[in-house]
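Asker: Enclosed is the structure file work.cif (mmCIF, C-alpha atoms).
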```
data_final
loop_
_atom_site.label_atom_id
_atom_site.label_comp_id
_atom_site.auth_asym_id
_atom_site.auth_seq_id
_atom_site.Cartn_x
_atom_site.Cartn_y
_atom_site.Cartn_z
CA MET A 248 -16.78 -20.65 -10.52
CA GLN A 249 -14.48 -23.32 -11.95
CA LEU A 250 -11.04 -21.89 -12.58
CA THR A 251 -8.41 -23.97 -14.33
CA ASP A 252 -6.17 -21.29 -15.80
CA ALA A 253 -6.09 -17.58 -14.97
CA ARG A 254 -5.63 -16.70 -18.65
CA ALA A 255 -8.88 -18.47 -19.56
CA ILE A 256 -10.93 -15.92 -17.61
CA ALA A 257 -12.69 -13.29 -19.69
CA PRO A 258 -10.66 -10.04 -19.73
CA SER A 259 -13.71 -8.09 -18.63
CA THR A 260 -13.79 -9.90 -15.30
CA THR A 261 -10.11 -10.26 -14.41
CA PRO A 262 -7.66 -7.57 -13.34
CA THR A 263 -4.68 -9.37 -14.91
CA ARG A 264 -1.87 -6.86 -15.31
CA PRO A 265 0.29 -6.54 -18.44
CA ILE A 266 3.35 -6.97 -16.22
CA GLN A 267 2.12 -10.47 -15.39
CA GLY A 268 2.39 -11.66 -18.97
CA MET A 269 5.75 -9.97 -19.41
CA PHE A 270 7.29 -11.88 -16.50
CA GLU A 271 5.76 -15.09 -17.84
CA GLN A 272 6.97 -14.67 -21.42
CA ILE A 273 10.10 -12.47 -21.64
CA PRO A 274 13.22 -14.60 -21.13
CA TRP A 275 15.41 -11.89 -19.58
CA LEU A 276 12.71 -11.10 -17.04
CA ARG A 277 12.17 -14.76 -16.17
CA SER A 278 15.93 -15.22 -15.72
CA LEU A 279 16.32 -12.18 -13.45
CA GLN A 280 18.16 -13.37 -10.34
CA ILE A 281 16.44 -12.84 -6.97
CA GLY A 282 18.36 -14.48 -4.16
CA ASN A 283 19.20 -18.03 -5.18
CA ARG A 284 16.36 -18.36 -7.68
CA THR A 285 15.16 -16.76 -10.87
CA ALA A 286 12.10 -14.55 -11.21
CA GLY A 287 10.46 -17.22 -13.39
CA GLU A 288 10.93 -19.91 -10.76
CA LEU A 289 9.64 -17.63 -8.04
CA LEU A 290 6.66 -16.40 -10.05
CA ASP A 291 5.37 -19.94 -10.52
CA GLU A 292 5.33 -20.32 -6.70
CA GLN A 293 3.65 -17.03 -5.77
CA LEU A 294 0.13 -16.63 -4.45
CA GLN A 295 -0.99 -13.64 -6.51
CA PHE A 296 -4.72 -12.96 -6.76
CA GLY A 297 -6.62 -10.25 -8.58
CA LEU A 298 -9.68 -9.06 -6.67
CA VAL A 299 -13.07 -8.39 -8.26
CA ARG A 300 -16.19 -7.34 -6.40
CA ARG A 301 -18.86 -10.02 -6.66
CA PRO A 302 -21.84 -8.58 -8.56
CA GLY A 303 -24.93 -8.42 -6.41
CA ALA A 304 -23.17 -9.89 -3.40
CA ALA A 305 -20.83 -8.91 -0.62
CA GLY A 306 -17.15 -9.63 -0.81
CA TYR A 307 -14.55 -10.23 -3.48
CA ALA A 308 -13.80 -13.00 -5.91
CA MET A 309 -10.13 -13.96 -5.90
CA ILE A 310 -8.85 -14.40 -9.45
CA PRO A 311 -5.63 -16.47 -9.50
CA GLN A 312 -2.80 -14.95 -11.50
CA THR A 313 -0.11 -17.64 -11.13
CA ALA A 314 0.09 -21.42 -11.39
CA ALA A 315 0.44 -21.71 -7.61
CA ALA A 316 -2.58 -19.47 -7.05
CA VAL A 317 -4.72 -21.55 -9.43
CA ARG A 318 -3.81 -24.74 -7.57
CA TYR A 319 -4.28 -23.16 -4.15
CA LEU A 320 -7.74 -21.79 -4.87
CA HIS A 321 -8.98 -25.29 -5.72
CA THR A 322 -8.22 -26.55 -2.21
CA ALA A 323 -9.91 -26.17 1.16
CA ASN A 324 -7.04 -23.85 2.07
CA GLY A 325 -7.94 -21.61 -0.87
CA THR A 326 -11.59 -21.47 0.20
CA ARG A 327 -10.53 -20.48 3.70
CA LEU A 328 -8.10 -17.87 2.35
CA ASN A 329 -10.87 -16.29 0.28
CA GLY A 330 -12.97 -15.98 3.45
CA ILE A 331 -10.03 -14.46 5.31
CA VAL A 332 -9.41 -11.89 2.57
CA ASP A 333 -13.14 -11.07 2.43
CA ALA A 334 -13.22 -10.45 6.19
CA MET A 335 -10.07 -8.34 6.04
CA LEU A 336 -11.29 -6.20 3.14
CA GLY A 337 -14.71 -5.95 4.75
CA VAL A 338 -13.22 -3.78 7.49
CA ALA A 339 -11.88 -1.31 4.90
CA SER A 340 -15.13 -1.47 2.92
CA LEU A 341 -16.92 0.08 5.89
CA ARG A 342 -15.25 3.33 4.84
CA GLY A 343 -17.54 3.44 1.82
CA ALA A 344 -17.24 3.72 -1.94
CA ARG A 345 -13.80 5.32 -1.85
CA PHE A 346 -12.22 1.97 -0.97
CA GLU A 347 -11.28 -0.33 -3.84
CA ALA A 348 -8.99 -3.36 -3.90
CA ARG A 349 -7.40 -4.60 -7.11
CA GLY A 350 -5.20 -7.45 -5.99
CA ILE A 351 -3.19 -9.10 -3.26
CA SER A 352 0.07 -11.07 -3.20
CA LEU A 353 1.02 -13.22 -0.22
CA ALA A 354 4.67 -14.23 0.07
CA SER A 355 6.06 -17.28 1.84
CA ASP A 356 9.65 -16.05 1.74
CA ARG A 357 11.70 -12.88 1.27
CA GLU A 358 12.57 -13.58 -2.38
CA GLY A 359 8.89 -13.99 -3.25
CA TYR A 360 8.06 -10.69 -1.59
CA ALA A 361 10.85 -8.96 -3.52
CA LEU A 362 9.49 -10.34 -6.81
CA ASN A 363 5.88 -9.42 -6.05
CA SER A 364 6.92 -5.89 -5.08
CA LEU A 365 9.20 -5.48 -8.10
CA MET A 366 6.36 -6.47 -10.44
CA ASP A 367 3.99 -4.06 -8.74
CA GLY A 368 6.54 -1.24 -8.84
CA LEU A 369 6.91 -1.70 -12.59
CA ASP A 370 3.14 -1.86 -13.03
CA TRP A 371 2.77 1.30 -10.92
CA GLY A 372 5.43 3.17 -12.88
CA ASP A 373 8.12 3.60 -10.22
CA SER A 374 10.31 6.41 -11.54
CA THR A 375 13.60 4.61 -10.83
CA LEU A 376 12.50 1.46 -12.67
CA VAL A 377 10.11 2.32 -15.45
CA GLY A 378 12.50 4.34 -17.65
CA PRO A 379 15.20 1.65 -17.88
CA PHE A 380 12.46 -0.99 -18.22
CA ARG A 381 10.85 0.69 -21.22
CA GLU A 382 14.25 1.16 -22.83
CA ALA A 383 15.03 -2.53 -22.36
CA LEU A 384 11.71 -3.53 -23.92
CA ALA A 385 12.49 -1.37 -26.95
CA ASP A 386 16.19 -2.15 -27.33
CA PRO A 387 17.83 -5.48 -26.34
CA ALA A 388 21.14 -3.63 -25.88
CA LYS A 389 19.57 -1.81 -22.90
CA VAL A 390 18.61 -5.02 -21.06
CA PRO A 391 21.85 -5.17 -18.98
CA ALA A 392 21.26 -1.60 -17.74
CA PHE A 393 17.74 -2.49 -16.62
CA ILE A 394 18.95 -5.65 -14.88
CA GLU A 395 21.52 -3.59 -12.96
CA THR A 396 18.78 -1.14 -11.92
CA ALA A 397 16.48 -4.00 -10.95
CA GLN A 398 19.19 -5.56 -8.77
CA TYR A 399 19.45 -2.34 -6.74
CA ALA A 400 15.67 -2.39 -6.27
CA ILE A 401 15.71 -6.07 -5.30
CA LYS A 402 18.41 -5.41 -2.68
CA TYR A 403 16.19 -2.70 -1.17
CA LEU A 404 13.07 -4.86 -1.27
CA MET A 405 14.85 -7.82 0.32
CA ALA A 406 15.53 -5.61 3.35
CA ARG A 407 11.84 -4.77 3.91
CA THR A 408 9.78 -6.78 6.38
CA SER A 409 6.20 -5.56 6.21
CA ALA A 410 4.24 -4.73 3.04
CA ASN A 411 3.78 -2.17 0.33
CA PHE A 412 0.97 -0.91 -1.86
CA GLU A 413 1.40 0.51 -5.32
CA THR A 414 -1.41 -0.93 -7.45
CA TRP A 415 -1.80 -4.17 -5.47
CA MET A 416 -1.25 -5.01 -1.81
CA ASN A 417 1.99 -6.97 -1.48
CA LEU A 418 2.47 -8.70 1.87
CA SER A 419 5.87 -9.85 3.09
CA GLU A 420 6.35 -13.35 4.45
CA ARG A 421 6.06 -12.00 8.00
CA THR A 422 2.79 -10.18 7.26
CA SER A 423 1.41 -13.12 5.25
CA ALA A 424 2.27 -15.81 7.80
CA PRO A 425 -0.81 -15.50 10.10
CA LEU A 426 -3.18 -15.39 7.11
CA LEU A 427 -1.63 -18.45 5.48
CA ALA A 428 -1.53 -20.31 8.80
CA MET A 429 -5.27 -19.76 9.25
CA ALA A 430 -5.91 -20.76 5.65
CA GLU A 431 -4.09 -24.01 6.35
CA GLY A 432 -6.33 -24.73 9.34
CA THR A 433 -4.69 -23.07 12.33
CA ALA A 434 -7.29 -21.72 14.76
CA PRO A 435 -7.21 -17.88 14.71
CA GLU A 436 -7.08 -17.63 18.50
CA SER A 437 -3.94 -19.79 18.58
CA ILE A 438 -2.00 -17.39 16.33
CA ASP A 439 0.73 -15.67 18.36
CA PRO A 440 -0.77 -12.28 19.41
CA ALA A 441 2.44 -10.43 18.53
CA ALA A 442 2.42 -11.88 15.01
CA ALA A 443 -1.32 -11.22 14.68
CA THR A 444 -0.92 -7.61 15.81
CA PHE A 445 2.00 -6.93 13.46
CA SER A 446 0.16 -8.39 10.48
CA SER A 447 -3.13 -6.60 11.22
CA THR A 448 -1.41 -3.25 11.71
CA VAL A 449 0.59 -3.48 8.50
CA ILE A 450 -2.42 -4.64 6.46
CA ALA A 451 -4.61 -1.86 7.85
CA HIS A 452 -1.99 0.76 6.92
CA GLU A 453 -1.74 -0.54 3.36
CA LEU A 454 -5.53 -0.65 3.01
CA GLU A 455 -5.60 3.06 3.85
CA HIS A 456 -3.47 3.59 0.74
CA SER A 457 -6.03 1.69 -1.33
CA ILE A 458 -8.57 4.40 -0.49
CA THR A 459 -6.32 7.09 -1.97
CA PRO A 460 -3.93 5.48 -4.47
CA ILE A 461 -1.16 7.83 -5.51
CA ASP A 462 0.86 8.00 -8.72
CA PRO A 463 4.68 7.78 -8.55
CA ALA A 464 5.36 11.39 -9.58
CA SER A 465 3.02 12.69 -6.88
CA TYR A 466 4.52 10.40 -4.21
CA SER A 467 8.25 11.13 -4.52
CA ASP A 468 10.73 13.08 -6.59
CA ALA A 469 13.47 11.67 -8.83
CA SER A 470 15.80 11.23 -5.85
CA GLY A 471 13.21 9.19 -3.95
CA LYS A 472 12.39 11.94 -1.45
CA LEU A 473 8.72 12.07 -0.48
CA THR A 474 6.75 14.99 -1.88
CA THR A 475 4.33 16.97 0.26
CA ALA A 476 1.50 14.72 -0.94
CA GLY A 477 3.70 11.67 -0.33
CA TRP A 478 4.50 12.32 3.31
CA ILE A 479 0.92 13.42 4.02
CA GLU A 480 -0.27 10.13 2.47
CA GLU A 481 2.06 8.03 4.66
CA GLY A 482 1.48 9.99 7.86
CA GLY A 483 -2.24 10.23 7.21
CA ALA A 484 -2.60 6.51 6.51
CA GLU A 485 -1.00 5.58 9.83
CA LEU A 486 -2.85 8.32 11.71
CA LEU A 487 -6.22 7.06 10.47
CA ASN A 488 -5.20 3.47 11.10
CA GLU A 489 -4.49 4.38 14.74
CA ARG A 490 -7.46 6.67 15.38
CA LEU A 491 -10.10 4.56 13.65
CA ALA A 492 -8.59 1.33 15.06
CA ALA A 493 -8.72 -0.35 11.66
CA ASP A 494 -5.90 -2.67 12.70
CA GLN A 495 -7.82 -3.89 15.74
CA GLY A 496 -10.88 -4.26 13.52
CA ILE A 497 -8.98 -6.58 11.17
CA ALA A 498 -7.67 -8.72 14.02
CA ARG A 499 -11.17 -8.92 15.49
CA ALA A 500 -12.76 -9.77 12.13
CA LEU A 501 -10.28 -12.63 11.67
CA GLY A 502 -10.70 -13.89 15.24
CA MET A 503 -7.05 -13.23 16.17
CA ARG A 504 -5.92 -11.91 19.53
CA TRP A 505 -4.71 -8.31 19.72
CA ASP A 506 -1.71 -7.21 21.79
CA PRO A 507 -1.36 -3.41 22.10
CA ALA A 508 2.22 -3.75 23.37
CA SER A 509 3.23 -5.48 20.12
CA ARG A 510 1.78 -2.87 17.80
CA PRO A 511 4.57 -1.66 15.47
CA LYS A 512 5.22 2.07 15.41
CA SER A 513 6.01 3.76 12.12
CA TYR A 514 5.94 7.25 10.63
CA THR A 515 5.68 8.80 14.10
CA GLY A 516 7.06 12.19 12.99
CA LEU A 517 4.76 12.27 9.97
CA ILE A 518 1.76 11.35 12.14
CA THR A 519 2.57 14.28 14.41
CA SER A 520 2.91 16.66 11.48
CA VAL A 521 -0.38 15.62 9.90
CA SER A 522 -2.16 15.77 13.28
CA ARG A 523 -0.91 19.31 13.90
CA LEU A 524 -1.92 20.47 10.43
CA LEU A 525 -5.40 19.09 10.99
CA ALA A 526 -5.53 20.84 14.37
CA LEU A 527 -4.91 24.13 12.53
CA ALA A 528 -8.14 23.32 10.65
CA GLY A 529 -9.99 22.78 13.92
CA VAL A 530 -9.93 18.98 13.67
CA ASP A 531 -9.26 17.06 16.90
CA VAL A 532 -8.03 13.67 15.73
CA THR A 533 -8.19 12.24 19.27
CA THR A 534 -11.97 11.98 18.95
CA THR A 535 -13.91 9.60 16.71
CA THR A 536 -15.74 12.52 15.10
CA GLY A 537 -12.45 14.29 14.50
CA ALA A 538 -10.84 11.18 13.03
CA ARG A 539 -13.69 10.85 10.56
CA ALA A 540 -13.38 14.52 9.65
CA ALA A 541 -9.66 13.90 9.13
CA SER A 542 -10.53 11.04 6.77
CA ASP A 543 -12.76 13.37 4.74
CA ILE A 544 -9.92 15.88 4.36
CA LEU A 545 -7.08 13.43 3.76
CA GLN A 546 -9.02 10.95 1.64
CA GLY A 547 -11.77 13.05 0.11
CA GLY A 548 -10.21 12.95 -3.35
CA ALA A 549 -6.99 12.16 -5.17
CA ALA A 550 -3.97 11.75 -2.88
CA ARG A 551 -1.96 14.24 -4.95
CA ARG A 552 -4.47 16.95 -3.98
CA SER A 553 -4.30 16.29 -0.23
CA PRO A 554 -2.06 19.35 0.42
CA ASP A 555 -4.65 21.58 -1.26
CA ARG A 556 -7.46 20.02 0.79
CA ILE A 557 -5.55 20.62 4.03
CA VAL A 558 -4.83 24.24 3.06
CA GLY A 559 -8.50 24.66 2.11
CA ALA A 560 -9.66 23.28 5.46
CA ILE A 561 -7.29 25.55 7.40
CA ALA A 562 -8.27 28.57 5.31
CA LYS A 563 -11.97 27.93 5.89
CA HIS A 564 -11.54 27.39 9.65
CA ARG A 565 -9.43 30.54 10.05
CA ASP A 566 -11.17 32.65 7.40
CA LEU A 567 -7.94 33.34 5.52
CA ASP A 568 -7.81 35.69 2.56
CA ASP A 569 -6.52 34.50 -0.83
CA GLY A 570 -3.04 35.91 -0.34
CA THR A 571 -2.57 34.25 3.04
CA ARG A 572 -3.91 31.00 1.65
CA THR A 573 -1.38 31.09 -1.21
CA GLU A 574 1.45 31.73 1.25
CA LEU A 575 0.21 28.87 3.47
CA ARG A 576 0.41 26.50 0.53
CA ARG A 577 3.99 27.61 -0.16
CA ARG A 578 4.96 27.12 3.48
CA LEU A 579 3.37 23.68 3.56
CA ASP A 580 5.66 22.57 0.72
CA ALA A 581 8.63 23.52 2.90
CA VAL A 582 7.54 21.36 5.86
CA GLY A 583 8.95 18.08 4.55
CA GLY A 584 7.11 16.17 7.28
CA ASP A 585 8.95 17.98 10.10
CA PRO A 586 6.62 18.71 13.08
CA ALA A 587 8.75 21.70 14.10
CA LYS A 588 8.03 23.35 10.76
CA VAL A 589 4.30 22.81 11.27
CA ASP A 590 4.71 24.62 14.58
CA GLU A 591 6.35 27.49 12.67
CA ILE A 592 3.29 27.66 10.42
CA GLN A 593 1.06 27.83 13.48
CA ARG A 594 3.07 30.72 14.97
CA TRP A 595 2.92 32.53 11.62
CA LEU A 596 -0.85 32.05 11.34
CA ASP A 597 -1.38 33.19 14.94
CA THR A 598 0.37 36.48 14.19
CA THR A 599 -1.07 37.03 10.70
#
```
If you took the structure in this file and wrote it as structure tokens, what would it be?

Answerer:
Amino acid sequence: MQLTDARAIAPSTTPTRPIQGMFEQIPWLRSLQIGNRTAGELLDEQLQFGLVRRPGAAGYAMIPQTAAAVRYLHTANGTRLNGIVDAMLGVASLRGARFEARGISLASDREGYALNSLMDGLDWGDSTLVGPFREALADPAKVPAFIETAQYAIKYLMARTSANFETWMNLSERTSAPLLAMAEGTAPESIDPAAATFSSTVIAHELEHSITPIDPASYSDASGKLTTAGWIEEGGAELLNERLAADQGIARALGMRWDPASRPKSYTGLITSVSRLLALAGVDVTTTTGARAASDILQGGAARRSPDRIVGAIAKHRDLDDGTRTELRRRLDAVGGDPAKVDEIQRWLDTT
């Protein structure tokens, strides 16, 4: 397909987001300061691609959303990057129809990552951003208040080093680096194994979120604290990443070397809590069969309903009556991701 301008693509085939046009056209968004540059300057440099399944064929078409992405896709590097993204997403696609990718942003520096993540947070409806943003759109007098809020978010995003997933997958410069190096012709096997392992692990974790996307209100409360569904989503994503070796699968699919000693550890307490809850349902996540059963429970529907699915699985395994099941659901909401509180639930169930 010949692509000369992302906006020339038929709306029915491109996942262009409304937020994209806003950052292109609204002066106070384009002038938003991120590091030493403006959002408008940064946006023109970003590699942002919508992803659309190719009809009747395997893989995804990458739909460029920015001027830089349009230029990049017309080069040999762009062709190689499309193959890399296809291989990467192919690992997640093995999980079946529940997986769906909408877009990917690859950053070459910290400011670009902050912009990509800010745009996605607004598109997602982040509770700390979307209210002031809507007010600013409706009333020019509210623009300064939104800019102040956005600067707090940018400061937070500039401190992150890995990736995030709201509606798109946004990769930091560290996570993007191996992919872009290969797109530019570096042999996969010559990529530093530590860098390859970090990137593969982070990408695999974020792809787990693409199987069960979660809305902002279900993910965290107004203070930013994770809800029950939120911490189960984070702990479950990393648990499944580990047990199903999705991260190793991505490294292998891309031809990069894997270094177990370099694998980043995150959400360890949440992983333990989710594992112990699943054990109460008779699921042994240390086995391949158990890990797949865990996937069915954690990802067998909307992320916001994962607490109910866990309670249902425990109730079925232990033949709990309705009253005990209701109390279990209440106790689960008090866990807050703390493994010790899961142990308290186990002791309660064992004596009920």

Asker: Convert the output of the PyMOL selection byres ((chain A and resi 582-584) around 8) on the shown file into explicit residues, formatted as a ChimeraX atom specification.

Answerer: /A:473-475,478-479,516-517,520-521,578-581,585-586,588-589

Asker: Suppose a student applies the PyMOL selection byres ((chain A and resi 398-404) around 9) to this structure; what residues should they get, written as JSON, numbers by chain?

Answerer: {"A": [279, 280, 281, 282, 357, 358, 360, 361, 362, 364, 365, 375, 376, 393, 394, 395, 396, 397, 405, 406, 407, 408]}

Asker: Quick one: apply the PyMOL selection byres ((chain A and resi 367-374) around 7) to the file and drop the selected residues here as a PyMOL selection string.

Answerer: chain A and resi 266+363-366+375-378+413-415+463+469

Asker: Just to confirm, what's the straight-line distance from CA of Pro274 in chain A to CA of Asn411 in chain A in Å (one decimal)?

Answerer: 26.5 Å

Asker: Which residues are near Ile351 in chain A? Cut-off 8 Å, only C-alpha atoms, ignore same chain within fewer than 6 positions. Put them as a PyMOL selection string.

Answerer: chain A and resi 295-298+415-418

Asker: Looking at A:Leu328, A:Leu294, A:Leu501, A:Ala334, which one is nearest to Ala315 in chain A, with distances taken over all atoms listed in the file?

Answerer: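 With all atoms listed in the file as the atom set, the closest residue is A:Leu294.
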
Asker: To one decimal place in Å, what is the distance between CA of Val299 in chain A and CA of Ala410 in chain A?

Answerer: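 It comes out at 21.0 Å.
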
Asker: Restricting the calculation to only C-alpha atoms: of A:Asn324, A:Ser553, A:Thr571, A:Thr433, which residue gets closest to Glu481 in chain A?

Answerer: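 Checking each of A:Asn324, A:Ser553, A:Thr571, A:Thr433 against Glu481 in chain A, counting only C-alpha atoms, the winner is A:Ser553.
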
Asker: To one decimal place in Å, what is the distance between CA of Gly537 in chain A and CA of Arg510 in chain A?

Answerer: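 Taking CA of Gly537 in chain A as the start and CA of Arg510 in chain A as the end point, the length is 22.5 Å.
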
Asker: Closest to Glu347 in chain A among A:Ala538, A:Ile458, A:Leu290, A:Leu426, using only C-alpha atoms?

Answerer: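 Answer, going by the shortest atom-to-atom distance: A:Ile458.
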
Asker: Determine, counting all atoms listed in the file, which protein, DNA and RNA residues have an atom within 10 Å of an atom of Ala560 in chain A; residues of the same chain fewer than 2 positions away are not included. Present the result as a PyMOL selection string.

Answerer: chain A and resi 524-525+527-530+544+554-558+562-566

Asker: Counting all atoms listed in the file, figure out which residue out of A:Ile497, A:Ala587, A:Ala451, A:Ile273 gets nearest to Val390 in chain A.

Answerer: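 Closest residue, counting all atoms listed in the file: A:Ile273.
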
Asker: Of the candidates A:Ala500, A:Ala541, A:Ala442, A:Leu289, which one gets nearest to Asp333 in chain A if we count only C-alpha atoms?

Answerer: A:Ala500

Asker: Using only C-alpha atoms, find the one residue out of A:Met503, A:Ala498, A:Leu486, A:Val317 that sits nearest to His456 in chain A.

Answerer: A:Leu486

Asker: Could you pull out every residue with an atom within 8 Å of (1.7, 8.1, 12.0), file coordinates, counting all atoms listed in the file, and send them as a list in words?

Answerer: Glu481, Gly482, Gly483, Ala484, Glu485, Leu486, Glu489, Lys512, Ser513, Tyr514, Thr515, Gly516, Leu517, Ile518 and Thr519 of chain A

Asker: Do a neighbour search on Trp505 in chain A at 9 Å with only C-alpha atoms, toss out local chain neighbours closer than 2 positions, and write the hits as a PyMOL selection string.

Answerer: chain A and resi 440-441+443-444+447+495+498-499+503+507+509-510
